Amino acid sequence: MTITRFAPSPTGYLHIGNLRTALFNHLIARKGNGRFILRLDDTDPERSTREYADAIREDLRWLGLAWDREEHQSERLRRYEEAADRLRASGRLYECFETPTELDLKRRKQLNMGRPPVYDRAALKLSEAEKAELRRTRPGHWRFRLDHERIEWEDGILGPVSIDAASVSDPVLIRGDGQFLYTLASVCDDMDFAITDVVRGADHVTNTATQIQIIRALGGEAPRFAHHSLLTGPQGEALSKRLGALALRDLRAEGIEPMAILSLLARLGSGDPVELRHSIDELAEGFDLSRFGAAPTRFDPADLKPLTQKYVAGLPFEAVQGDIAALGVPDDIAPAFWDAVRENIETRADMGRWWDLMRNGAEPLIAPEDADFVAEALKLLPSRPWDETTWSRWTAAVKEATGRKGRALFMPLRKALTGMSHGPDMARLMPLLQVVKAADGG
Ligand code: GLU
């Protein structure tokens, strides 16, 4: 069975970049009739908050990315302690005492000499007496001793990956203040929850190399890994602060639909064209990780608008009934209202503008050269109630009386009634217009 996880840190809102990770893991689990776990990486008590955790859940629910199980790293510290003890016992975890300043100095020296800034393992040479001495002045932190060999795996997106462990610093697993770091916590969780597939951003490739060794040192078996490329802005520029921080809740506030976001992200960066899908099941069906490439993926938030528009226009009345009722549209005209406006809105919220126009009337837009024509036409307006035949009866009568036809006949009338040169089909709109300012003066 496929078991995947999405592991955000509750230190901020979900944004488009980490949503991509969530979606890929969710789709793989769905496709494999498997399970999808939401894991909150909250080992950092200072930066993790309950509000962000709630917001992450809320955003995932809004998107429809349901999870089968939820886990919190902050509740599993004993487990990490056990794992650390095992690593210590097997000589793979060693105590270090360098301060951040000392480490920084070492790195700079190495760089100056043209060497890669890899931790020099000086702490391994400390005697017990020296360590005891150092412990008196500062708390030690703990590093995992990598085996200096090539670490290799078949990546679900990148293909075969091979990393020389000697080019990587021994990762710190426990900080001086005792806090377990993500690297160890994540490995324990992936083992304990029997994760079969890990999809995450390409910025985690080095982590993966070290984690593979840690998993093995703990007697486990590495899951399959896949690293998706990072998103860039529309011109290929590094995702700017603004775009990178494009929180899902901001998109939601703009009226962007979940299926528009998911449809775009499920295809962006793959060899397949973006196509609007109406459900997550549909997305999962066509999803194939191996279609994605390693090159950075361009993301343009503007692409979400046409997808949203298309999605909304295709919604059945039942799906928008609630939104329409909330505007105060009477039930008996609600289905006709939806048919009139569905092709003329970008987001659901745009319905409000149309209802406002219908209920309160629009400021007429009348060109000076059309003023007489419009005045004459308005005298011929059929009396209420209006129905779907009203527009054709009216324009036929106006044509007869004025001799105008085609665009010269219809456009000034549309502008006079709606204040705009475009909008819903007039035959559908007429019966919904409660007020025509041009004619009734309100
Ligand atoms: N909390 C980590 C992150 O958000 C999880 C990475 C992973 O998937 O292992 O980057």
# chains A, B, ... in the order shown; residues from 1 in each chain; ligands from 1
>>> residues_near_ligand(ligand="ligand 1", cutoff="6 Å", atoms="only C-alpha atoms and all ligand atoms", output="compact mmCIF listing (two decimals) with N, CA, C and O atoms, in the first residue's frame")
# COMPACT_ATOMS: atom_id res chain seq x y z
N ALA A 7 4.37 17.19 5.29
CA ALA A 7 4.95 17.51 6.60
C ALA A 7 5.30 18.99 6.75
O ALA A 7 6.48 19.34 6.83
N PRO A 8 4.31 19.84 6.76
CA PRO A 8 4.63 21.27 6.91
C PRO A 8 5.01 21.61 8.36
O PRO A 8 4.59 20.93 9.28
N SER A 9 5.80 22.65 8.51
CA SER A 9 6.05 23.18 9.85
C SER A 9 5.00 24.25 10.09
O SER A 9 4.80 25.11 9.23
N ASP A 41 5.40 19.26 11.56
CA ASP A 41 6.80 19.29 12.01
C ASP A 41 6.97 20.45 12.98
O ASP A 41 7.42 21.53 12.60
N ARG A 200 9.12 15.64 -2.11
CA ARG A 200 9.36 16.96 -1.53
C ARG A 200 10.22 17.77 -2.49
O ARG A 200 10.62 17.27 -3.54
>>> closest_atom_pairs(of="region 182-272 of chain A", to="region 348-354 of chain A", cutoff="10 Å", atoms="only C-alpha atoms", output="CSV")
residue,atom,partner,partner_atom,distance
A:Ala253,CA,A:Ala349,CA,9.7
A:Glu254,CA,A:Ala349,CA,8.7
A:Gly255,CA,A:Ala349,CA,6.6
A:Ile256,CA,A:Arg348,CA,8.9
A:Glu257,CA,A:Arg348,CA,8.9
>>> write_last_selection(atoms="all heavy atoms", output="PDB file, in the first residue's frame")
ATOM      1  N   ALA A 253      -9.152  34.513  -0.865  1.00  0.00           N
ATOM      2  CA  ALA A 253      -9.807  35.813  -0.707  1.00  0.00           C
ATOM      3  C   ALA A 253     -10.046  36.479  -2.057  1.00  0.00           C
ATOM      4  O   ALA A 253     -10.998  37.245  -2.224  1.00  0.00           O
ATOM      5  CB  ALA A 253      -8.959  36.717   0.192  1.00  0.00           C
ATOM      6  N   GLU A 254      -9.197  36.160  -3.030  1.00  0.00           N
ATOM      7  CA  GLU A 254      -9.382  36.731  -4.373  1.00  0.00           C
ATOM      8  C   GLU A 254     -10.432  35.988  -5.166  1.00  0.00           C
ATOM      9  O   GLU A 254     -10.711  36.342  -6.316  1.00  0.00           O
ATOM     10  CB  GLU A 254      -8.067  36.643  -5.158  1.00  0.00           C
ATOM     11  CG  GLU A 254      -7.073  37.715  -4.842  1.00  0.00           C
ATOM     12  CD  GLU A 254      -5.769  37.471  -5.604  1.00  0.00           C
ATOM     13  OE1 GLU A 254      -5.824  37.010  -6.757  1.00  0.00           O
ATOM     14  OE2 GLU A 254      -4.715  37.728  -5.015  1.00  0.00           O
ATOM     15  N   GLY A 255     -10.959  34.931  -4.602  1.00  0.00           N
ATOM     16  CA  GLY A 255     -12.016  34.189  -5.294  1.00  0.00           C
ATOM     17  C   GLY A 255     -11.497  33.077  -6.186  1.00  0.00           C
ATOM     18  O   GLY A 255     -12.255  32.475  -6.940  1.00  0.00           O
ATOM     19  N   ILE A 256     -10.195  32.786  -6.086  1.00  0.00           N
ATOM     20  CA  ILE A 256      -9.631  31.686  -6.875  1.00  0.00           C
ATOM     21  C   ILE A 256     -10.201  30.359  -6.345  1.00  0.00           C
ATOM     22  O   ILE A 256     -10.292  30.161  -5.131  1.00  0.00           O
ATOM     23  CB  ILE A 256      -8.086  31.688  -6.783  1.00  0.00           C
ATOM     24  CG1 ILE A 256      -7.516  33.003  -7.318  1.00  0.00           C
ATOM     25  CG2 ILE A 256      -7.487  30.497  -7.505  1.00  0.00           C
ATOM     26  CD1 ILE A 256      -7.771  33.279  -8.779  1.00  0.00           C
ATOM     27  N   GLU A 257     -10.589  29.483  -7.254  1.00  0.00           N
ATOM     28  CA  GLU A 257     -11.208  28.221  -6.857  1.00  0.00           C
ATOM     29  C   GLU A 257     -10.155  27.146  -6.592  1.00  0.00           C
ATOM     30  O   GLU A 257      -9.171  27.050  -7.333  1.00  0.00           O
ATOM     31  CB  GLU A 257     -12.134  27.731  -7.980  1.00  0.00           C
ATOM     32  CG  GLU A 257     -13.337  28.608  -8.218  1.00  0.00           C
ATOM     33  CD  GLU A 257     -14.416  28.455  -7.160  1.00  0.00           C
ATOM     34  OE1 GLU A 257     -14.532  27.364  -6.557  1.00  0.00           O
ATOM     35  OE2 GLU A 257     -15.161  29.431  -6.944  1.00  0.00           O
TER      36      GLU A 257
END
>>> closest_residue(among="A:Ala313, A:Met426, A:Leu230, A:Ala416", to="His204 (chain A)", atoms="only C-alpha atoms")
A:Leu230
>>> closest_atom_pairs(of="region 200-316 of chain A", to="region 161-173 of chain A", cutoff="8 Å", atoms="only C-alpha atoms", output="tab-separated table")
residue	atom	partner	partner_atom	distance
A:Thr206	CA	A:Val168	CA	7.7
A:Ala209	CA	A:Ile163	CA	6.8
A:Thr210	CA	A:Pro171	CA	7.4
>>> write_last_selection(atoms="N, CA, C and O atoms", output="CSV table (one decimal), in the first residue's frame")
chain,number,residue,atom,x,y,z
A,206,THR,N,19.9,17.0,-0.5
A,206,THR,CA,21.0,16.7,0.4
A,206,THR,C,20.5,16.0,1.7
A,206,THR,O,21.1,15.1,2.2
A,209,ALA,N,20.0,12.4,1.2
A,209,ALA,CA,21.2,11.6,1.2
A,209,ALA,C,21.5,11.3,2.7
A,209,ALA,O,21.7,10.1,3.0
A,210,THR,N,21.5,12.3,3.5
A,210,THR,CA,21.9,12.0,4.9
A,210,THR,C,20.8,11.1,5.6
A,210,THR,O,21.1,10.2,6.4
>>> residues_around(residues="Ser90 (chain A)", least_positions_apart="6", cutoff="10 Å", atoms="only C-alpha atoms", output="PDB file with N, CA, C and O atoms, in the first residue's frame")
ATOM      1  N   ALA A  84      17.991   8.459  19.182  1.00  0.00           N
ATOM      2  CA  ALA A  84      19.291   9.094  19.432  1.00  0.00           C
ATOM      3  C   ALA A  84      20.163   8.173  20.287  1.00  0.00           C
ATOM      4  O   ALA A  84      21.355   8.010  20.029  1.00  0.00           O
ATOM      5  N   ALA A 217      21.097   3.287   9.540  1.00  0.00           N
ATOM      6  CA  ALA A 217      21.768   3.143  10.837  1.00  0.00           C
ATOM      7  C   ALA A 217      20.769   2.729  11.920  1.00  0.00           C
ATOM      8  O   ALA A 217      21.138   2.122  12.924  1.00  0.00           O
ATOM      9  N   LEU A 218      19.492   3.069  11.691  1.00  0.00           N
ATOM     10  CA  LEU A 218      18.471   2.694  12.675  1.00  0.00           C
ATOM     11  C   LEU A 218      17.800   1.376  12.295  1.00  0.00           C
ATOM     12  O   LEU A 218      16.797   0.978  12.882  1.00  0.00           O
TER      13      LEU A 218
END
>>> atom_distance(atom1="CA of Arg69 (chain A)", atom2="CA of Leu184 (chain A)")
20.7 Å
